[in-house]
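Colleague: This one is start-v3.txt, compact mmCIF, C-alpha atoms and all ligand atoms.
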# COMPACT_ATOMS: atom_id res chain seq x y z
CA MET A 4 0.38 18.10 32.45
CA GLY A 5 1.65 19.58 29.22
CA ARG A 6 0.65 18.57 25.77
CA LEU A 7 0.47 14.85 24.93
CA ILE A 8 0.75 13.77 21.33
CA TYR A 9 0.44 10.15 20.32
CA LEU A 10 2.31 9.43 17.08
CA ASP A 11 2.73 5.69 17.53
CA ASN A 12 -0.43 4.46 15.87
CA ASN A 13 1.38 1.62 14.07
CA ALA A 14 2.16 0.12 17.48
CA THR A 15 -1.47 0.33 18.53
CA THR A 16 -4.38 2.74 18.42
CA GLN A 17 -6.67 4.37 20.92
CA MET A 18 -10.15 2.82 20.81
CA ALA A 19 -12.74 4.79 18.85
CA PRO A 20 -15.44 6.40 21.05
CA GLU A 21 -18.06 4.37 19.14
CA VAL A 22 -16.21 1.17 20.12
CA ILE A 23 -15.91 2.22 23.78
CA LYS A 24 -19.64 3.02 23.88
CA ALA A 25 -20.64 -0.31 22.30
CA ILE A 26 -18.46 -2.45 24.54
CA SER A 27 -19.28 -0.59 27.73
CA GLU A 28 -22.98 -1.06 27.04
CA ALA A 29 -22.56 -4.77 26.23
CA GLU A 30 -20.04 -5.68 28.95
CA PRO A 31 -22.34 -5.67 32.01
CA VAL A 32 -25.20 -7.53 30.32
CA VAL A 33 -23.58 -9.95 27.87
CA TYR A 34 -21.46 -12.32 29.92
CA GLY A 35 -22.52 -15.77 28.76
CA ASN A 36 -20.14 -18.15 27.06
CA ALA A 37 -20.81 -17.75 23.34
CA SER A 38 -20.63 -21.54 22.94
CA SER A 39 -23.39 -22.21 25.51
CA MET A 40 -26.81 -23.27 24.24
CA HIS A 41 -28.90 -21.21 26.71
CA SER A 42 -30.14 -17.68 26.14
CA PHE A 43 -27.05 -16.09 27.76
CA GLY A 44 -24.82 -18.01 25.37
CA ARG A 45 -27.01 -17.23 22.38
CA GLU A 46 -26.87 -13.51 23.15
CA ALA A 47 -23.07 -13.64 23.36
CA SER A 48 -22.92 -15.63 20.14
CA ARG A 49 -25.14 -13.03 18.43
CA LEU A 50 -22.51 -10.35 19.19
CA VAL A 51 -19.69 -12.55 17.87
CA GLU A 52 -21.61 -13.23 14.65
CA ASN A 53 -22.48 -9.55 14.26
CA ALA A 54 -18.74 -8.80 14.37
CA ARG A 55 -17.93 -11.60 11.94
CA SER A 56 -20.32 -10.20 9.38
CA ASN A 57 -18.99 -6.62 9.77
CA ILE A 58 -15.43 -7.89 9.31
CA ALA A 59 -16.41 -9.92 6.26
CA GLY A 60 -17.76 -6.68 4.78
CA LEU A 61 -14.50 -4.87 5.50
CA LEU A 62 -12.30 -7.61 4.02
CA GLN A 63 -14.64 -8.50 1.15
CA CYS A 64 -15.07 -12.15 2.02
CA ASN A 65 -17.75 -14.43 3.50
CA ALA A 66 -18.44 -14.41 7.24
CA ASP A 67 -17.74 -18.16 7.51
CA GLU A 68 -14.24 -17.57 6.16
CA ILE A 69 -13.28 -15.59 9.30
CA THR A 70 -11.67 -17.18 12.39
CA PHE A 71 -11.07 -15.11 15.53
CA THR A 72 -7.66 -15.43 17.21
CA SER A 73 -5.80 -13.58 19.98
CA GLY A 74 -4.03 -11.29 17.51
CA ALA A 75 -2.33 -11.08 14.14
CA SER A 76 0.69 -12.87 15.63
CA GLU A 77 -1.40 -15.98 16.27
CA ALA A 78 -3.09 -15.68 12.87
CA ASN A 79 0.34 -15.51 11.16
CA ASN A 80 1.63 -18.46 13.17
CA THR A 81 -1.48 -20.48 12.28
CA VAL A 82 -0.94 -19.96 8.54
CA PHE A 83 2.73 -20.97 8.70
CA MET A 84 1.86 -24.07 10.73
CA ILE A 85 -0.75 -25.01 8.12
CA ALA A 86 2.04 -24.79 5.50
CA ARG A 87 4.30 -26.89 7.72
CA SER A 88 1.71 -29.63 8.06
CA LEU A 89 1.11 -29.62 4.28
CA ILE A 90 4.87 -29.97 3.68
CA GLU A 91 5.08 -32.83 6.17
CA LYS A 92 2.05 -34.55 4.65
CA ARG A 93 3.47 -34.24 1.13
CA GLY A 94 6.94 -35.29 2.23
CA GLY A 95 8.50 -32.06 0.92
CA GLY A 96 7.95 -28.51 -0.19
CA ARG A 97 9.03 -24.95 0.54
CA ILE A 98 7.68 -21.68 1.88
CA VAL A 99 8.53 -18.33 0.27
CA THR A 100 8.17 -15.07 2.19
CA THR A 101 10.03 -11.73 2.43
CA THR A 102 12.87 -10.21 4.46
CA ILE A 103 10.66 -7.45 5.89
CA GLU A 104 7.79 -9.31 7.54
CA HIS A 105 6.73 -8.67 11.13
CA PRO A 106 8.64 -10.69 13.79
CA SER A 107 5.61 -12.99 14.19
CA ILE A 108 6.56 -14.29 10.73
CA ILE A 109 10.35 -13.71 10.74
CA GLU A 110 10.76 -15.66 13.99
CA THR A 111 8.34 -18.37 12.89
CA VAL A 112 10.55 -18.74 9.82
CA SER A 113 13.61 -19.24 12.08
CA TYR A 114 11.69 -21.85 14.08
CA LEU A 115 10.56 -23.72 10.94
CA ARG A 116 14.12 -23.73 9.58
CA LYS A 117 15.28 -25.33 12.83
CA CYS A 118 12.59 -27.98 12.24
CA GLY A 119 14.18 -28.69 8.85
CA ILE A 120 11.76 -26.78 6.63
CA GLN A 121 13.15 -24.70 3.78
CA VAL A 122 11.97 -21.10 3.74
CA ASP A 123 13.22 -18.61 1.15
CA GLN A 124 12.96 -14.83 1.54
CA VAL A 125 12.39 -12.29 -1.21
CA PRO A 126 14.59 -9.14 -0.86
CA VAL A 127 13.38 -5.55 -1.18
CA TYR A 128 14.42 -2.45 -3.10
CA ALA A 129 15.65 0.66 -1.26
CA ASP A 130 12.07 1.97 -1.23
CA GLY A 131 11.01 -1.03 0.88
CA ARG A 132 8.98 -2.77 -1.85
CA ILE A 133 9.72 -6.39 -2.67
CA LYS A 134 11.53 -7.42 -5.84
CA LEU A 135 8.83 -9.25 -7.80
CA ASP A 136 11.36 -10.65 -10.27
CA GLU A 137 13.22 -12.23 -7.33
CA LEU A 138 9.93 -13.75 -6.17
CA GLU A 139 9.48 -15.27 -9.65
CA LYS A 140 13.02 -16.66 -9.49
CA LEU A 141 12.35 -18.30 -6.11
CA MET A 142 9.14 -19.93 -7.29
CA GLY A 143 8.76 -23.55 -8.30
CA LYS A 144 6.11 -26.23 -8.19
CA ASP A 145 7.42 -27.30 -4.77
CA VAL A 146 6.37 -24.02 -3.11
CA VAL A 147 3.42 -24.64 -0.79
CA LEU A 148 2.88 -21.13 0.59
CA VAL A 149 3.87 -17.60 -0.41
CA SER A 150 3.45 -14.90 2.24
CA VAL A 151 3.90 -11.20 1.48
CA MET A 152 2.72 -8.49 3.89
CA THR A 153 0.35 -5.79 2.61
CA GLY A 154 2.02 -2.74 4.18
CA ASN A 155 5.18 -2.60 6.24
CA ASN A 156 4.89 -1.51 9.86
CA GLU A 157 8.17 0.45 9.81
CA THR A 158 8.61 2.00 6.37
CA GLY A 159 4.94 2.00 5.39
CA ALA A 160 5.82 0.50 1.99
CA ILE A 161 2.75 -1.05 0.36
CA GLN A 162 3.61 -4.32 -1.33
CA PRO A 163 2.42 -5.55 -4.74
CA VAL A 164 0.08 -8.08 -3.12
CA ALA A 165 -2.22 -8.77 -6.09
CA GLU A 166 0.79 -9.44 -8.35
CA ALA A 167 2.50 -11.64 -5.76
CA SER A 168 -0.76 -13.57 -5.28
CA ARG A 169 -1.00 -14.13 -9.06
CA ILE A 170 2.60 -15.37 -9.21
CA ALA A 171 2.05 -17.74 -6.26
CA HIS A 172 -1.09 -19.21 -7.81
CA SER A 173 0.55 -19.65 -11.20
CA TYR A 174 2.87 -22.16 -9.48
CA GLY A 175 0.03 -23.83 -7.56
CA ALA A 176 1.06 -22.30 -4.20
CA LEU A 177 -1.26 -20.88 -1.57
CA PHE A 178 -1.02 -17.13 -0.89
CA HIS A 179 -1.15 -15.28 2.44
CA THR A 180 -0.87 -11.61 3.31
CA ASP A 181 -0.36 -9.98 6.71
CA ALA A 182 -2.62 -6.95 6.28
CA THR A 183 -2.34 -5.80 9.91
CA GLN A 184 -1.05 -2.30 9.11
CA ALA A 185 -3.19 -1.75 6.03
CA ILE A 186 -6.71 -2.17 7.39
CA GLY A 187 -8.64 1.09 7.51
CA LYS A 188 -5.88 2.91 5.60
CA ILE A 189 -6.13 1.39 2.14
CA LYS A 190 -8.76 -0.82 0.50
CA VAL A 191 -8.02 -4.47 1.25
CA SER A 192 -9.92 -7.13 -0.68
CA CYS A 193 -9.66 -10.88 -0.21
CA LYS A 194 -11.71 -11.31 -3.39
CA GLU A 195 -9.87 -8.89 -5.69
CA TRP A 196 -6.44 -10.04 -4.52
CA LYS A 197 -7.52 -13.69 -4.73
CA LEU A 198 -6.16 -14.40 -1.26
CA ASP A 199 -6.11 -17.80 0.39
CA TYR A 200 -5.27 -16.37 3.83
CA LEU A 201 -5.11 -12.94 5.45
CA SER A 202 -4.17 -11.89 9.00
CA CYS A 203 -4.95 -8.69 10.88
CA SER A 204 -5.54 -7.31 14.36
CA GLY A 205 -8.40 -5.14 15.68
CA HIS A 206 -6.25 -2.90 17.88
CA LYS A 207 -4.56 -1.37 14.83
CA PHE A 208 -7.86 0.05 13.60
CA TYR A 209 -9.29 1.53 16.82
CA GLY A 210 -10.70 -1.71 18.23
CA PRO A 211 -9.78 -3.37 21.52
CA LYS A 212 -6.52 -5.28 22.00
CA GLY A 213 -6.36 -9.06 21.94
CA VAL A 214 -8.52 -9.85 18.91
CA GLY A 215 -6.96 -11.13 15.73
CA ILE A 216 -8.67 -12.02 12.50
CA LEU A 217 -7.68 -14.87 10.24
CA PHE A 218 -9.36 -15.11 6.85
CA ALA A 219 -9.06 -18.52 5.22
CA ARG A 220 -10.72 -18.93 1.83
CA LYS A 221 -13.46 -21.54 1.76
CA GLY A 222 -11.73 -24.77 0.68
CA ALA A 223 -8.21 -23.58 1.62
CA PRO A 224 -6.38 -26.12 3.83
CA PHE A 225 -6.79 -25.46 7.56
CA MET A 226 -5.23 -26.94 10.71
CA PRO A 227 -5.90 -25.49 14.16
CA PHE A 228 -2.92 -23.93 15.91
CA VAL A 229 -4.66 -23.85 19.31
CA HIS A 230 -6.21 -27.25 20.06
CA GLY A 231 -8.74 -28.16 22.71
CA GLY A 232 -12.24 -27.04 21.85
CA GLU A 233 -14.90 -26.92 19.19
CA GLN A 234 -15.04 -23.12 18.99
CA GLU A 235 -14.78 -21.62 15.52
CA HIS A 236 -15.89 -24.99 14.06
CA GLY A 237 -12.81 -26.61 15.56
CA ARG A 238 -10.45 -24.08 13.96
CA ARG A 239 -9.39 -22.27 17.13
CA ALA A 240 -9.98 -23.51 20.67
CA GLY A 241 -10.68 -21.20 23.61
CA THR A 242 -13.65 -19.34 25.07
CA TYR A 243 -14.70 -16.45 22.86
CA ASN A 244 -13.41 -13.02 23.87
CA THR A 245 -16.99 -11.94 23.20
CA ILE A 246 -17.01 -8.28 24.11
CA SER A 247 -13.68 -7.47 22.46
CA ILE A 248 -14.71 -9.37 19.33
CA TYR A 249 -17.93 -7.33 19.29
CA GLY A 250 -15.88 -4.11 19.64
CA THR A 251 -13.64 -5.23 16.77
CA GLY A 252 -16.76 -5.58 14.62
CA VAL A 253 -17.81 -2.01 15.46
CA ALA A 254 -14.29 -0.81 14.58
CA ALA A 255 -14.43 -2.75 11.29
CA LYS A 256 -17.62 -0.97 10.30
CA LEU A 257 -16.03 2.43 11.00
CA ALA A 258 -12.86 1.47 9.10
CA MET A 259 -14.94 0.53 6.08
CA GLU A 260 -16.90 3.77 6.09
CA ASN A 261 -13.92 6.10 6.43
CA VAL A 262 -11.08 4.50 4.50
CA GLU A 263 -10.64 6.97 1.60
CA GLU A 264 -11.20 10.11 3.64
CA GLU A 265 -8.90 8.81 6.39
CA ASN A 266 -6.20 7.95 3.85
CA ARG A 267 -6.18 11.51 2.47
CA ARG A 268 -6.18 13.11 5.94
CA LEU A 269 -3.31 10.95 7.22
CA TRP A 270 -1.23 11.56 4.10
CA LYS A 271 -1.66 15.34 4.45
CA MET A 272 -0.33 15.30 8.03
CA ARG A 273 2.48 12.90 7.15
CA GLU A 274 3.58 15.01 4.21
CA ALA A 275 3.47 18.22 6.26
CA LEU A 276 5.73 16.58 8.83
CA ARG A 277 8.10 15.19 6.18
CA GLU A 278 8.40 18.56 4.43
CA GLY A 279 8.79 20.39 7.74
CA ILE A 280 11.57 18.08 8.95
CA LEU A 281 13.44 18.34 5.64
CA ALA A 282 13.15 22.14 5.76
CA LYS A 283 14.18 22.53 9.40
CA VAL A 284 16.64 19.71 10.11
CA PRO A 285 19.80 19.10 8.04
CA HIS A 286 21.33 15.66 7.38
CA VAL A 287 18.14 13.66 7.34
CA VAL A 288 17.16 10.64 5.24
CA VAL A 289 13.49 9.73 4.76
CA ASN A 290 13.18 5.95 4.61
CA GLY A 291 10.93 3.81 2.45
CA CYS A 292 8.59 4.61 -0.36
CA GLN A 293 7.49 8.24 -0.82
CA ASP A 294 4.84 7.70 -3.46
CA HIS A 295 1.33 8.04 -1.97
CA GLU A 296 0.08 5.11 -4.02
CA PHE A 297 2.68 2.77 -2.50
CA CYS A 298 2.85 4.15 1.02
CA LEU A 299 0.71 3.62 4.11
CA PRO A 300 -0.56 7.18 4.46
CA GLY A 301 0.16 7.70 8.17
CA THR A 302 3.68 6.27 8.35
CA LEU A 303 6.83 8.40 8.21
CA ASP A 304 10.21 6.83 8.97
CA VAL A 305 13.15 9.21 9.18
CA SER A 306 16.85 8.69 9.91
CA PHE A 307 18.80 11.50 11.59
CA GLU A 308 22.54 11.35 10.94
CA ASN A 309 24.81 11.25 13.97
CA VAL A 310 22.09 10.66 16.59
CA GLU A 311 20.72 7.54 18.28
CA GLY A 312 17.01 6.98 17.62
CA GLU A 313 16.51 5.99 21.27
CA SER A 314 17.86 9.36 22.48
CA ILE A 315 15.46 11.20 20.17
CA LEU A 316 12.58 9.03 21.36
CA LEU A 317 13.33 9.76 25.03
CA MET A 318 13.69 13.51 24.47
CA LEU A 319 10.45 13.64 22.48
CA ASP A 320 8.77 11.64 25.24
CA MET A 321 9.93 14.22 27.79
CA ASN A 322 8.08 16.76 25.65
CA GLY A 323 4.92 14.64 25.55
CA ILE A 324 5.41 13.22 22.06
CA ALA A 325 5.21 9.43 21.64
CA VAL A 326 7.03 7.88 18.66
CA SER A 327 8.96 4.68 18.07
CA THR A 328 12.38 3.64 16.89
CA GLY A 329 11.96 1.09 14.15
CA SER A 330 9.41 -1.39 15.32
CA ALA A 331 7.76 -1.22 18.75
CA CYS A 332 8.07 -4.97 18.86
CA ALA A 333 11.84 -4.55 18.97
CA THR A 334 11.73 -2.29 22.04
CA GLY A 335 14.37 -3.26 24.56
CA SER A 336 16.87 -4.25 21.91
CA LEU A 337 19.36 -1.80 20.51
CA GLU A 338 19.77 -3.79 17.32
CA PRO A 339 19.15 -1.60 14.28
CA SER A 340 15.94 -2.37 12.43
CA TYR A 341 16.25 -5.41 10.15
CA VAL A 342 13.60 -3.88 7.90
CA LEU A 343 15.71 -0.76 7.22
CA LEU A 344 18.87 -2.85 6.77
CA ALA A 345 16.99 -5.09 4.32
CA GLY A 346 16.36 -1.99 2.19
CA GLY A 347 20.13 -1.37 2.13
CA LEU A 348 20.22 1.48 4.67
CA ASP A 349 23.59 2.13 6.28
CA VAL A 350 23.83 0.71 9.85
CA GLU A 351 24.58 4.12 11.40
CA LEU A 352 21.53 5.66 9.73
CA ALA A 353 19.39 2.70 10.79
CA HIS A 354 20.45 3.41 14.39
CA GLY A 355 19.21 6.97 14.04
CA SER A 356 15.73 6.17 12.78
CA ILE A 357 12.42 7.33 14.18
CA ARG A 358 8.97 6.20 13.09
CA PHE A 359 6.13 8.69 13.32
CA SER A 360 2.75 7.04 12.78
CA PHE A 361 -0.43 9.07 12.52
CA GLY A 362 -3.96 8.00 13.31
CA ARG A 363 -7.57 9.08 13.49
CA PHE A 364 -7.09 11.34 16.51
CA ASN A 365 -4.10 13.36 15.25
CA THR A 366 -4.47 16.86 13.87
CA MET A 367 -2.33 19.33 11.93
CA GLU A 368 -1.62 21.10 15.27
CA ASP A 369 0.24 17.95 16.35
CA VAL A 370 2.50 18.29 13.30
CA GLU A 371 3.16 21.94 14.11
CA TYR A 372 4.09 21.07 17.71
CA VAL A 373 6.50 18.31 16.61
CA LEU A 374 8.11 20.74 14.17
CA GLU A 375 8.64 23.19 17.03
CA VAL A 376 10.07 20.63 19.45
CA LEU A 377 12.09 18.29 17.23
CA PRO A 378 14.72 20.55 15.54
CA PRO A 379 16.26 21.85 18.83
CA ILE A 380 16.31 18.26 20.19
CA ILE A 381 18.30 17.05 17.20
CA GLU A 382 20.62 20.03 17.43
CA LYS A 383 21.23 19.42 21.15
CA LEU A 384 21.84 15.68 20.65
CA ARG A 385 24.22 16.29 17.77
CA ALA A 386 26.17 18.76 19.88
CA ILE A 387 26.84 16.08 22.53
CA SER A 388 27.13 13.17 20.08
CA THR A 389 30.26 11.06 20.26
CA ARG A 390 29.42 9.26 17.05
N1 LIG B 1 1.87 -7.93 11.73
C1 LIG B 1 2.18 -6.63 11.62
C2 LIG B 1 2.55 -6.07 10.29
C3 LIG B 1 2.17 -5.82 12.76
O1 LIG B 1 2.49 -4.53 12.66
C4 LIG B 1 1.81 -6.38 14.01
C5 LIG B 1 1.77 -5.54 15.28
N2 LIG B 1 2.93 -4.80 15.54
C6 LIG B 1 1.49 -7.75 14.05
C7 LIG B 1 1.54 -8.49 12.89
C8 LIG B 1 1.13 -8.43 15.34
O2 LIG B 1 -0.10 -8.04 15.83
P1 LIG B 1 -0.55 -8.45 17.30
O3 LIG B 1 0.42 -7.82 18.24
O4 LIG B 1 -1.92 -7.90 17.42
O5 LIG B 1 -0.49 -9.93 17.39
Show me the file's structure as structure tokens.
Modeller:
Amino acid sequence: MGRLIYLDNNATTQMAPEVIKAISEAEPVVYGNASSMHSFGREASRLVENARSNIAGLLQCNADEITFTSGASEANNTVFMIARSLIEKRGGGRIVTTTIEHPSIIETVSYLRKCGIQVDQVPVYADGRIKLDELEKLMGKDVVLVSVMTGNNETGAIQPVAEASRIAHSYGALFHTDATQAIGKIKVSCKEWKLDYLSCSGHKFYGPKGVGILFARKGAPFMPFVHGGEQEHGRRAGTYNTISIYGTGVAAKLAMENVEEENRRLWKMREALREGILAKVPHVVVNGCQDHEFCLPGTLDVSFENVEGESILLMLDMNGIAVSTGSACATGSLEPSYVLLAGGLDVELAHGSIRFSFGRFNTMEDVEYVLEVLPPIIEKLRAISTR
């Protein structure tokens, strides 16, 4: 087998060795149901609570403000359903979100609209950041919830979350952020940003898959999305995914310890790749925000003129390099990325986009290898392009 380089860390990450060690030690011995009253249950519950307190440390909130879910998708859905029930209870109201959210919000918005609920979407600038003045214009006392993601999964653009939160609160609305892509890469603080709700997912920061985290500020309205049990104080039914929750807690501790150093390291690799591509490949557009302060450090989204992103992806894959076109969640569809189109990118360029996303296990040698392999691929594809 030749070289294998994983540059799709925004889709998911490899588990950290520390996480693998912790869960493989716990798995054979901790198998009780964390809700059971006997010693087996208490031991399982101890692991869940250990994770909850690590995660509270990472997100700067209290442990009892954390609810475990199956993923960020479920956490996002829960928050929007809370808003729906508030609107129904009050006999009116609106939700305001953005045009660049993850599909777990975008498609929930479509569903809520079909149910007769008004949802307005804030547009973005070409750099992928939301237009705060448009958010202000959309606000009114009837807005129940404002939801703005922390960092975009495709362009990496970091959103002005603290400002959006302040605007939402000044109109009496609740504020939610989907911080799934930001955890472990930039400092995220429920307290400093005065959040009412936050969603994220352990598998994006080197934890196991299938564990989501929903922060809900103490006193913020809450309605369960999954009914049928008293787990999580009645907030989310279903037997605890004990071992994976425990692993997520271990990952949270690592993310907290390494955030600044990891940010610098990822940005260095990302910038080396960006500069290398611009130097070696003509007719390229780098998408999204290019300012370190406003960019998820490991995300680089590039459009190659006159080539299909899918063809590039397949050729890179044949050379052992894993990347994504737009969002991994859109795999299987050849629709251009709605996130890039929302930023005003030309449809043809959106079709030719590739997302490289770096993580903890990448090195500068990976960048060098991509810069060796990629330019001839683009040249070859352009030579046979019918576009
Ligand atoms: N929000 C964002 C910004 C994401 O990138 C993702 C994962 N692609 C999700 C939500 C959904 O996370 P999960 O698949 O763990 O539910």
Colleague: Determine, for each residue of chain A having at least one atom at most 10 Å from an atom of ligand LIG 1 (chain B), the closest pair of atoms and their separation in Å to one decimal, counting only C-alpha atoms and all ligand atoms; order by chain and ascending number, as JSON lines.
Modeller:
{"residue": "A:Asn12", "atom": "CA", "partner": "B:LIG1", "partner_atom": "N2", "distance": 9.9}
{"residue": "A:Asn13", "atom": "CA", "partner": "B:LIG1", "partner_atom": "O1", "distance": 6.4}
{"residue": "A:Ala14", "atom": "CA", "partner": "B:LIG1", "partner_atom": "N2", "distance": 5.3}
{"residue": "A:Thr15", "atom": "CA", "partner": "B:LIG1", "partner_atom": "N2", "distance": 7.4}
{"residue": "A:Thr72", "atom": "CA", "partner": "B:LIG1", "partner_atom": "O5", "distance": 9.0}
{"residue": "A:Ser73", "atom": "CA", "partner": "B:LIG1", "partner_atom": "O5", "distance": 6.9}
{"residue": "A:Gly74", "atom": "CA", "partner": "B:LIG1", "partner_atom": "O5", "distance": 3.8}
{"residue": "A:Ala75", "atom": "CA", "partner": "B:LIG1", "partner_atom": "O5", "distance": 3.9}
{"residue": "A:Ser76", "atom": "CA", "partner": "B:LIG1", "partner_atom": "O5", "distance": 3.6}
{"residue": "A:Glu77", "atom": "CA", "partner": "B:LIG1", "partner_atom": "O5", "distance": 6.2}
{"residue": "A:Ala78", "atom": "CA", "partner": "B:LIG1", "partner_atom": "O5", "distance": 7.8}
{"residue": "A:Asn79", "atom": "CA", "partner": "B:LIG1", "partner_atom": "C7", "distance": 7.3}
{"residue": "A:Asn80", "atom": "CA", "partner": "B:LIG1", "partner_atom": "O5", "distance": 9.8}
{"residue": "A:Ile103", "atom": "CA", "partner": "B:LIG1", "partner_atom": "C2", "distance": 9.3}
{"residue": "A:Glu104", "atom": "CA", "partner": "B:LIG1", "partner_atom": "C2", "distance": 6.7}
{"residue": "A:His105", "atom": "CA", "partner": "B:LIG1", "partner_atom": "N1", "distance": 5.0}
{"residue": "A:Pro106", "atom": "CA", "partner": "B:LIG1", "partner_atom": "C7", "distance": 7.5}
{"residue": "A:Ser107", "atom": "CA", "partner": "B:LIG1", "partner_atom": "C7", "distance": 6.2}
{"residue": "A:Ile108", "atom": "CA", "partner": "B:LIG1", "partner_atom": "N1", "distance": 8.0}
{"residue": "A:Met152", "atom": "CA", "partner": "B:LIG1", "partner_atom": "C2", "distance": 6.8}
{"residue": "A:Thr153", "atom": "CA", "partner": "B:LIG1", "partner_atom": "C2", "distance": 8.0}
{"residue": "A:Gly154", "atom": "CA", "partner": "B:LIG1", "partner_atom": "C2", "distance": 7.0}
{"residue": "A:Asn155", "atom": "CA", "partner": "B:LIG1", "partner_atom": "C2", "distance": 5.9}
{"residue": "A:Asn156", "atom": "CA", "partner": "B:LIG1", "partner_atom": "O1", "distance": 4.8}
{"residue": "A:Glu157", "atom": "CA", "partner": "B:LIG1", "partner_atom": "O1", "distance": 8.1}
{"residue": "A:Gly159", "atom": "CA", "partner": "B:LIG1", "partner_atom": "C2", "distance": 9.7}
{"residue": "A:Thr180", "atom": "CA", "partner": "B:LIG1", "partner_atom": "C2", "distance": 9.5}
{"residue": "A:Asp181", "atom": "CA", "partner": "B:LIG1", "partner_atom": "N1", "distance": 5.9}
{"residue": "A:Ala182", "atom": "CA", "partner": "B:LIG1", "partner_atom": "C2", "distance": 6.6}
{"residue": "A:Thr183", "atom": "CA", "partner": "B:LIG1", "partner_atom": "C1", "distance": 4.9}
{"residue": "A:Gln184", "atom": "CA", "partner": "B:LIG1", "partner_atom": "C2", "distance": 5.3}
{"residue": "A:Ala185", "atom": "CA", "partner": "B:LIG1", "partner_atom": "C2", "distance": 8.4}
{"residue": "A:Ser202", "atom": "CA", "partner": "B:LIG1", "partner_atom": "C7", "distance": 7.7}
{"residue": "A:Cys203", "atom": "CA", "partner": "B:LIG1", "partner_atom": "C7", "distance": 6.8}
{"residue": "A:Ser204", "atom": "CA", "partner": "B:LIG1", "partner_atom": "O4", "distance": 4.8}
{"residue": "A:Gly205", "atom": "CA", "partner": "B:LIG1", "partner_atom": "O4", "distance": 7.3}
{"residue": "A:His206", "atom": "CA", "partner": "B:LIG1", "partner_atom": "O4", "distance": 6.6}
{"residue": "A:Lys207", "atom": "CA", "partner": "B:LIG1", "partner_atom": "O4", "distance": 7.5}
{"residue": "A:Pro211", "atom": "CA", "partner": "B:LIG1", "partner_atom": "O4", "distance": 10.0}
{"residue": "A:Lys212", "atom": "CA", "partner": "B:LIG1", "partner_atom": "O4", "distance": 7.0}
{"residue": "A:Gly213", "atom": "CA", "partner": "B:LIG1", "partner_atom": "O4", "distance": 6.4}
{"residue": "A:Val214", "atom": "CA", "partner": "B:LIG1", "partner_atom": "O4", "distance": 7.0}
{"residue": "A:Gly215", "atom": "CA", "partner": "B:LIG1", "partner_atom": "O4", "distance": 6.2}
{"residue": "A:Ile216", "atom": "CA", "partner": "B:LIG1", "partner_atom": "O4", "distance": 9.3}
{"residue": "A:Ser330", "atom": "CA", "partner": "B:LIG1", "partner_atom": "N2", "distance": 7.3}
{"residue": "A:Ala331", "atom": "CA", "partner": "B:LIG1", "partner_atom": "N2", "distance": 6.8}
{"residue": "A:Cys332", "atom": "CA", "partner": "B:LIG1", "partner_atom": "N2", "distance": 6.1}
{"residue": "A:Ala333", "atom": "CA", "partner": "B:LIG1", "partner_atom": "N2", "distance": 9.6}
Colleague: Can you pull out every residue within 10 Å of range 37-52 of chain A, counting only C-alpha atoms, but drop anything in the same chain fewer than 5 positions away, and send it as a PyMOL selection string?
Modeller: chain A and resi 29+32+57-58+66-67+71+233-235+241-252
Colleague: May I have the residues within 12 Å of Lys256 in chain A as a list of chain:residue names, using only C-alpha atoms and disregarding those fewer than 4 positions away in the same chain?
Modeller: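 What passes the distance filter is A:Ala19, A:Glu21, A:Val22, A:Asn53, A:Ala54, A:Arg55, A:Ser56, A:Asn57, A:Ile58, A:Ala59, A:Gly60, A:Leu61, A:Leu62, A:Ile186, A:Gly187, A:Gly205, A:Phe208, A:Tyr209, A:Gly210, A:Tyr249, A:Gly250, A:Thr251, A:Gly252, A:Glu260, A:Asn261, A:Val262.
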Colleague: What does the structure give for the distance between CA of Gln124 in chain A and CA of Cys298 in chain A, in Å to one decimal?
Modeller: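 Separating CA of Gln124 in chain A from CA of Cys298 in chain A is a distance of 21.5 Å.
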Colleague: Take the point (-10.8, -11.0, -3.3) as written in the file and pick out every residue within 10 Å of it, counting only C-alpha atoms; give the list as a ChimeraX atom specification.
Modeller: /A:62-64,165,191-199,220
Colleague: Can you tell me how far CA of Phe178 in chain A sits from CA of Leu344 in chain A, in Å to one decimal?
Modeller: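 One can read the CA of Phe178 in chain A to CA of Leu344 in chain A distance as 25.7 Å.
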Colleague: Near Val310 in chain A, counting all atoms listed in the file, which residues have an atom at most 8 Å away, once you skip same-chain residues fewer than 4 positions from it, shown as JSON, numbers by chain?
Modeller: {"A": [314, 315, 354, 355, 381, 384, 385, 388, 390]}
Colleague: Deliver the residues from the most recent selection as a file, using C-alpha atoms, as a tab-separated table (two decimals), in the coordinates of the input.
Modeller:
chain	number	residue	atom	x	y	z
A	314	SER	CA	17.86	9.36	22.48
A	315	ILE	CA	15.46	11.20	20.17
A	354	HIS	CA	20.45	3.41	14.39
A	355	GLY	CA	19.21	6.97	14.04
A	381	ILE	CA	18.30	17.05	17.20
A	384	LEU	CA	21.84	15.68	20.65
A	385	ARG	CA	24.22	16.29	17.77
A	388	SER	CA	27.13	13.17	20.08
A	390	ARG	CA	29.42	9.26	17.05
Colleague: Using all atoms listed in the file, which residues sit within 7 Å of range 134-146 of chain A once same-chain residues fewer than 2 positions away are excluded, as a PyMOL selection string?
Modeller: chain A and resi 96-99+125-128+132+148+170+174-176
Colleague: Taking into account only C-alpha atoms, which residue in the set A:Glu166, A:Glu264, A:Leu374, A:Leu352 is nearest to Leu281 in chain A?
Modeller: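 Of the candidates, the smallest distance to Leu281 in chain A is held by A:Leu374.
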Colleague: Counting all atoms listed in the file, what is within 6 Å of Val326 in chain A, bar same-chain residues fewer than 6 positions away, as JSON, numbers by chain?
Modeller: {"A": [10, 11, 359]}
